[in-house]
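As stored in input03.cif (mmCIF, C-alpha atoms):
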```cif
data_structure
loop_
_atom_site.group_PDB
_atom_site.id
_atom_site.type_symbol
_atom_site.label_atom_id
_atom_site.label_comp_id
_atom_site.auth_asym_id
_atom_site.auth_seq_id
_atom_site.Cartn_x
_atom_site.Cartn_y
_atom_site.Cartn_z
ATOM 1 C CA MET A 1 24.707 5.630 12.311
ATOM 2 C CA THR A 2 23.984 1.923 12.598
ATOM 3 C CA SER A 3 20.595 0.784 13.716
ATOM 4 C CA GLU A 4 20.567 -2.337 15.872
ATOM 5 C CA PRO A 5 17.859 -4.955 15.284
ATOM 6 C CA VAL A 6 15.155 -5.014 17.914
ATOM 7 C CA ARG A 7 13.326 -8.168 18.959
ATOM 8 C CA ALA A 8 9.582 -8.300 18.343
ATOM 9 C CA ASP A 9 7.461 -7.013 21.226
ATOM 10 C CA ALA A 10 4.457 -9.222 21.984
ATOM 11 C CA ASP A 11 2.454 -6.117 22.928
ATOM 12 C CA ASP A 12 2.675 -4.603 19.439
ATOM 13 C CA VAL A 13 -0.720 -5.520 17.990
ATOM 14 C CA LEU A 14 -0.065 -3.945 14.580
ATOM 15 C CA HIS A 15 3.253 -5.760 14.177
ATOM 16 C CA ALA A 16 1.526 -9.043 15.035
ATOM 17 C CA ASP A 17 -1.284 -8.347 12.558
ATOM 18 C CA VAL A 18 1.142 -7.577 9.737
ATOM 19 C CA ARG A 19 3.006 -10.807 10.457
ATOM 20 C CA ALA A 20 -0.220 -12.849 10.617
ATOM 21 C CA THR A 21 -1.552 -11.246 7.427
ATOM 22 C CA LEU A 22 1.611 -12.111 5.512
ATOM 23 C CA GLU A 23 1.835 -15.616 6.995
ATOM 24 C CA ALA A 24 -1.715 -16.346 5.782
ATOM 25 C CA TRP A 25 -1.313 -14.687 2.369
ATOM 26 C CA ALA A 26 -0.975 -16.904 -0.713
ATOM 27 C CA ALA A 27 1.447 -15.133 -3.045
ATOM 28 C CA PRO A 28 0.366 -15.119 -6.721
ATOM 29 C CA ASP A 29 3.802 -16.126 -8.077
ATOM 30 C CA VAL A 30 7.370 -17.092 -7.159
ATOM 31 C CA ASP A 31 8.658 -13.488 -7.081
ATOM 32 C CA GLN A 32 5.877 -12.435 -4.731
ATOM 33 C CA GLU A 33 6.523 -15.474 -2.513
ATOM 34 C CA SER A 34 10.177 -14.463 -2.300
ATOM 35 C CA LEU A 35 9.180 -10.946 -1.200
ATOM 36 C CA ARG A 36 6.736 -12.392 1.329
ATOM 37 C CA GLN A 37 9.583 -14.369 2.894
ATOM 38 C CA VAL A 38 11.809 -11.249 2.976
ATOM 39 C CA TYR A 39 9.052 -9.261 4.703
ATOM 40 C CA LEU A 40 8.501 -12.006 7.271
ATOM 41 C CA ALA A 41 12.239 -12.206 8.023
ATOM 42 C CA PHE A 42 12.395 -8.430 8.444
ATOM 43 C CA LEU A 43 9.398 -8.503 10.796
ATOM 44 C CA ALA A 44 11.035 -11.288 12.825
ATOM 45 C CA ALA A 45 14.222 -9.234 13.172
ATOM 46 C CA ARG A 46 12.675 -5.827 13.861
ATOM 47 C CA ALA A 47 10.000 -5.014 16.428
ATOM 48 C CA ASP A 48 9.928 -1.522 14.910
ATOM 49 C CA ALA A 49 9.350 -2.743 11.321
ATOM 50 C CA THR A 50 5.888 -1.133 11.261
ATOM 51 C CA ARG A 51 7.157 2.278 12.384
ATOM 52 C CA ARG A 52 8.387 4.964 10.021
ATOM 53 C CA THR A 53 11.283 5.595 12.428
ATOM 54 C CA CYS A 54 12.804 2.233 11.456
ATOM 55 C CA ALA A 55 15.611 3.634 9.291
ATOM 56 C CA PRO A 56 16.604 0.414 7.448
ATOM 57 C CA GLY A 57 13.030 0.156 6.146
ATOM 58 C CA HIS A 58 9.438 -0.102 7.289
ATOM 59 C CA VAL A 59 6.154 -1.681 6.277
ATOM 60 C CA THR A 60 3.698 0.599 4.465
ATOM 61 C CA ALA A 61 0.160 0.028 3.189
ATOM 62 C CA SER A 62 -1.245 1.140 -0.114
ATOM 63 C CA VAL A 63 -4.463 0.598 -2.006
ATOM 64 C CA VAL A 64 -5.606 0.739 -5.583
ATOM 65 C CA VAL A 65 -9.087 2.301 -5.524
ATOM 66 C CA LEU A 66 -11.476 1.231 -8.267
ATOM 67 C CA SER A 67 -14.725 2.920 -9.214
ATOM 68 C CA ALA A 68 -17.976 1.134 -8.347
ATOM 69 C CA ASP A 69 -18.180 -0.230 -11.916
ATOM 70 C CA ARG A 70 -14.513 -1.338 -11.784
ATOM 71 C CA ARG A 71 -13.771 0.569 -15.020
ATOM 72 C CA ARG A 72 -11.741 3.406 -13.507
ATOM 73 C CA VAL A 73 -8.906 3.702 -11.020
ATOM 74 C CA LEU A 74 -8.100 6.648 -8.747
ATOM 75 C CA LEU A 75 -4.427 7.649 -8.874
ATOM 76 C CA THR A 76 -2.432 10.315 -7.086
ATOM 77 C CA LEU A 77 0.403 12.338 -8.555
ATOM 78 C CA HIS A 78 2.960 11.667 -5.830
ATOM 79 C CA PRO A 79 4.923 14.814 -4.886
ATOM 80 C CA LEU A 80 8.169 12.992 -3.983
ATOM 81 C CA VAL A 81 8.129 10.505 -6.854
ATOM 82 C CA GLY A 82 6.586 12.775 -9.515
ATOM 83 C CA ARG A 83 4.523 9.933 -11.024
ATOM 84 C CA TRP A 84 0.976 8.627 -10.884
ATOM 85 C CA LEU A 85 0.686 5.994 -8.139
ATOM 86 C CA GLN A 86 -1.881 4.189 -6.011
ATOM 87 C CA LEU A 87 -2.898 5.755 -2.699
ATOM 88 C CA GLY A 88 -1.047 4.783 0.463
ATOM 89 C CA GLY A 89 1.576 5.511 3.026
ATOM 90 C CA HIS A 90 2.969 4.878 6.484
ATOM 91 C CA LEU A 91 1.337 2.841 9.213
ATOM 92 C CA GLU A 92 0.214 4.828 12.250
ATOM 93 C CA ASP A 93 0.046 3.858 15.924
ATOM 94 C CA ALA A 94 -3.749 4.160 15.820
ATOM 95 C CA ASP A 95 -4.022 1.499 13.076
ATOM 96 C CA ALA A 96 -5.103 -1.780 14.654
ATOM 97 C CA THR A 97 -4.497 -3.789 11.481
ATOM 98 C CA LEU A 98 -2.684 -3.529 8.186
ATOM 99 C CA ALA A 99 -6.059 -3.414 6.395
ATOM 100 C CA ASP A 100 -7.128 -0.545 8.690
ATOM 101 C CA ALA A 101 -4.009 1.362 7.633
ATOM 102 C CA ALA A 102 -4.772 0.848 3.942
ATOM 103 C CA ARG A 103 -8.409 1.925 4.454
ATOM 104 C CA ARG A 104 -7.313 5.026 6.400
ATOM 105 C CA GLU A 105 -4.767 5.979 3.731
ATOM 106 C CA ALA A 106 -7.417 5.637 1.024
ATOM 107 C CA ARG A 107 -9.826 7.852 2.990
ATOM 108 C CA GLU A 108 -7.181 10.489 3.796
ATOM 109 C CA GLU A 109 -5.950 10.710 0.206
ATOM 110 C CA SER A 110 -9.283 10.401 -1.635
ATOM 111 C CA GLY A 111 -11.719 12.171 0.688
ATOM 112 C CA PHE A 112 -14.155 9.229 0.839
ATOM 113 C CA ASP A 113 -14.525 5.816 2.461
ATOM 114 C CA VAL A 114 -13.912 2.648 0.455
ATOM 115 C CA THR A 115 -14.859 -1.005 0.661
ATOM 116 C CA LEU A 116 -11.501 -2.712 1.110
ATOM 117 C CA ASP A 117 -10.685 -6.323 0.352
ATOM 118 C CA PRO A 118 -8.666 -7.223 3.499
ATOM 119 C CA VAL A 119 -6.478 -9.747 1.657
ATOM 120 C CA PRO A 120 -3.374 -8.174 0.081
ATOM 121 C CA VAL A 121 -3.111 -8.147 -3.705
ATOM 122 C CA ASP A 122 0.673 -7.993 -3.887
ATOM 123 C CA LEU A 123 3.883 -6.664 -2.362
ATOM 124 C CA HIS A 124 6.423 -4.141 -3.605
ATOM 125 C CA CYS A 125 9.682 -3.059 -1.972
ATOM 126 C CA HIS A 126 11.191 0.245 -3.112
ATOM 127 C CA PRO A 127 13.774 2.780 -1.944
ATOM 128 C CA ILE A 128 12.499 6.242 -1.027
ATOM 129 C CA THR A 129 13.701 9.173 1.027
ATOM 130 C CA CYS A 130 10.882 9.814 3.484
ATOM 131 C CA LYS A 131 10.228 13.255 4.926
ATOM 132 C CA GLY A 132 12.693 13.840 7.746
ATOM 133 C CA TYR A 133 15.287 11.416 6.330
ATOM 134 C CA THR A 134 18.512 12.497 4.643
ATOM 135 C CA HIS A 135 19.170 9.055 3.123
ATOM 136 C CA PRO A 136 16.876 6.623 1.342
ATOM 137 C CA THR A 137 15.104 3.989 3.362
ATOM 138 C CA ARG A 138 12.927 1.175 2.012
ATOM 139 C CA HIS A 139 9.180 0.858 1.930
ATOM 140 C CA LEU A 140 8.049 -2.730 2.293
ATOM 141 C CA ASP A 141 4.675 -1.978 0.774
ATOM 142 C CA VAL A 142 1.697 -4.305 1.219
ATOM 143 C CA ARG A 143 -0.835 -3.430 -1.469
ATOM 144 C CA PHE A 144 -4.613 -3.867 -1.339
ATOM 145 C CA VAL A 145 -7.595 -3.212 -3.599
ATOM 146 C CA ALA A 146 -10.750 -1.311 -2.700
ATOM 147 C CA VAL A 147 -13.920 -0.132 -4.396
ATOM 148 C CA ALA A 148 -15.446 3.326 -4.110
ATOM 149 C CA ALA A 149 -19.167 3.758 -3.562
ATOM 150 C CA GLU A 150 -21.278 4.782 -6.533
ATOM 151 C CA GLY A 151 -20.990 8.559 -6.995
ATOM 152 C CA ALA A 152 -17.998 8.964 -4.640
ATOM 153 C CA ARG A 153 -16.355 12.342 -5.217
ATOM 154 C CA GLU A 154 -12.633 12.606 -4.771
ATOM 155 C CA GLN A 155 -11.017 15.442 -2.859
ATOM 156 C CA ARG A 156 -7.253 15.921 -3.232
ATOM 157 C CA SER A 157 -5.298 16.008 0.016
ATOM 158 C CA GLU A 158 -2.195 18.055 0.770
ATOM 159 C CA GLU A 159 -0.196 14.837 0.285
ATOM 160 C CA SER A 160 -0.847 14.887 -3.471
ATOM 161 C CA ASP A 161 0.011 17.151 -6.397
ATOM 162 C CA ASP A 162 -3.059 15.880 -8.267
ATOM 163 C CA LEU A 163 -5.754 13.224 -7.924
ATOM 164 C CA ARG A 164 -7.670 11.803 -10.898
ATOM 165 C CA TRP A 165 -9.739 8.914 -12.170
ATOM 166 C CA PHE A 166 -8.315 7.056 -15.179
ATOM 167 C CA GLY A 167 -9.816 4.255 -17.237
ATOM 168 C CA VAL A 168 -8.184 0.944 -16.317
ATOM 169 C CA ASP A 169 -7.521 0.540 -20.047
ATOM 170 C CA GLY A 170 -6.283 4.130 -20.460
ATOM 171 C CA LEU A 171 -3.675 4.619 -17.760
ATOM 172 C CA PRO A 172 -1.207 7.506 -17.755
ATOM 173 C CA ASP A 173 2.525 6.772 -17.624
ATOM 174 C CA VAL A 174 2.693 4.630 -14.481
ATOM 175 C CA PRO A 175 5.503 2.397 -13.206
ATOM 176 C CA ALA A 176 5.191 -1.239 -14.327
ATOM 177 C CA GLU A 177 4.491 -2.405 -10.773
ATOM 178 C CA VAL A 178 1.513 -0.019 -10.537
ATOM 179 C CA SER A 179 0.124 -1.344 -13.815
ATOM 180 C CA THR A 180 0.505 -4.881 -12.446
ATOM 181 C CA LEU A 181 -1.195 -3.884 -9.190
ATOM 182 C CA ILE A 182 -4.143 -2.379 -11.068
ATOM 183 C CA ARG A 183 -4.508 -5.485 -13.256
ATOM 184 C CA ARG A 184 -4.388 -7.769 -10.213
ATOM 185 C CA GLY A 185 -6.853 -5.539 -8.353
ATOM 186 C CA VAL A 186 -9.337 -5.589 -11.226
ATOM 187 C CA GLU A 187 -9.004 -9.377 -11.490
ATOM 188 C CA ARG A 188 -9.515 -9.777 -7.712
ATOM 189 C CA MET A 189 -12.643 -7.617 -7.721
ATOM 190 C CA ALA A 190 -14.031 -9.477 -10.756
ATOM 191 C CA THR A 191 -13.843 -12.744 -8.784
ATOM 192 C CA ARG A 192 -15.490 -11.080 -5.749
ATOM 193 C CA ARG A 193 -18.519 -10.019 -7.856
ATOM 194 C CA ARG A 194 -19.408 -13.573 -8.866
#
```
Rewrite the coordinates I just gave you, this time as structure tokens.
Amino acid sequence: MTSEPVRADADDVLHADVRATLEAWAAPDVDQESLRQVYLAFLAARADATRRTCAPGHVTASVVVLSADRRRVLLTLHPLVGRWLQLGGHLEDADATLADAARREAREESGFDVTLDPVPVDLHCHPITCKGYTHPTRHLDVRFVAVAAEGAREQRSEESDDLRWFGVDGLPDVPAEVSTLIRRGVERMATRRR
């Protein structure tokens, strides 16, 4: 089955916000700038790029959640991937902005609200077979950083096999891109404290 590109719909507020967020974002390096350009081209070609029904791929939002003291990170043991990852997932129709989607995902998967930096930290594109799909699609993930309130208590959701705090200097076996995300998130939050 071939999916035909769909032109962007001016009424799609979330699509427009994702595009504006990525247009304004200053990528931290050449590789990230290249991904930013790929995401923008995909958004220009697909009005449904923010919807999980877009079979060629779709934008997702994830967030690395740091403890209030920035010394620990909350990771989920992802049931499909079988590895420790940041929190996140699909955009929903009720999300007005990409940052709202990341904040909602953090709340749904952690059980508490977070203070989210609305500027993305980095991007990561990966193949995955979403629920309901028989073939892999691609997640064009836009990744944020957030901080939990002092004393926030995590509560594992049904979307996770496990949920734990780890020291930022004592991470479990995580993919390299998650380690990079955590490092960039810690650095971002250190500059925000000054």
Go through the shown structure with the PyMOL selection byres ((chain A and resi 101) around 12) and write out the matching residues as a PyMOL selection string. chain A and resi 14+17-18+50+59-63+87-100+102-108+116+118+141-144
Between atom CA of A:Pro172 and atom CA of A:Arg192, what is the distance in Å, rounded to a tenth?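 About the pair atom CA of A:Pro172 and atom CA of A:Arg192: they are 26.3 Å apart.
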List, as number ranges by chain, every residue that the PyMOL selection byres ((chain A and resi 82) around 12) selects in the file provided. A: 76-81, 83-85, 160-162, 173-175
List the spatial neighbours of A:Cys125 as a PyMOL selection string - criterion: any atom at most 7 Å away, all atoms listed in the file, same-chain residues fewer than 6 positions off excluded. chain A and resi 138-141
Hey, what's within 12 Å of A:Glu23 if we count all atoms listed in the file and toss same-chain stuff fewer than 4 positions away? As a PyMOL selection string, please? chain A and resi 16-19+27+33+35-41+43-44+119-120
At what distance in Å, to one decimal, does atom CA of A:Ile128 lie from atom CA of A:Ala55?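 Between atom CA of A:Ala55 and atom CA of A:Ile128 the gap works out to 11.1 Å.
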At what distance in Å, to one decimal, does atom CA of A:Ala176 lie from atom CA of A:Glu150?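 Computing the Euclidean distance for atom CA of A:Glu150 and atom CA of A:Ala176 yields 28.2 Å.
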Pick out the closest residue to A:Arg52 from this set: A:Val145, A:Cys130, A:Val178, A:Ala152. Count only C-alpha atoms.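 Distance minimum relative to A:Arg52 lands on A:Cys130.
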Restricting the calculation to only C-alpha atoms: of A:Cys54, A:Ala68, A:Ala20, A:Leu163, which residue gets closest to A:Ser110?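 For A:Ser110, the nearest of the candidates is A:Leu163.
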Have a look at A:Gly170, A:Pro127, A:Gly57, A:Gly111 and name the one nearest to A:Glu154; count all atoms listed in the file.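 Going through A:Gly170, A:Pro127, A:Gly57, A:Gly111 one by one, the smallest distance to A:Glu154 is for A:Gly111.
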Measuring between all atoms listed in the file, which one of A:Glu109, A:Asp31, A:Arg184, A:Thr137 shows the shortest distance to A:Ser157?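 Selected residue with least distance to A:Ser157: A:Glu109.
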Picked residues, the PyMOL selection byres ((chain A and resi 187) around 12), expected as a list in words: Pro28, Leu66, Arg70, Arg71, Val121, Val145, Val168, Thr180, Leu181, Ile182, Arg183, Arg184, Gly185, Val186, Arg188, Met189, Ala190, Thr191, Arg192, Arg193 and Arg194 of chain A
Residue among A:Ala47, A:Val13, A:Trp165, A:Leu123 lying closest to A:Ala26, counting only C-alpha atoms: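 Of the candidates, the smallest distance to A:Ala26 is held by A:Leu123.
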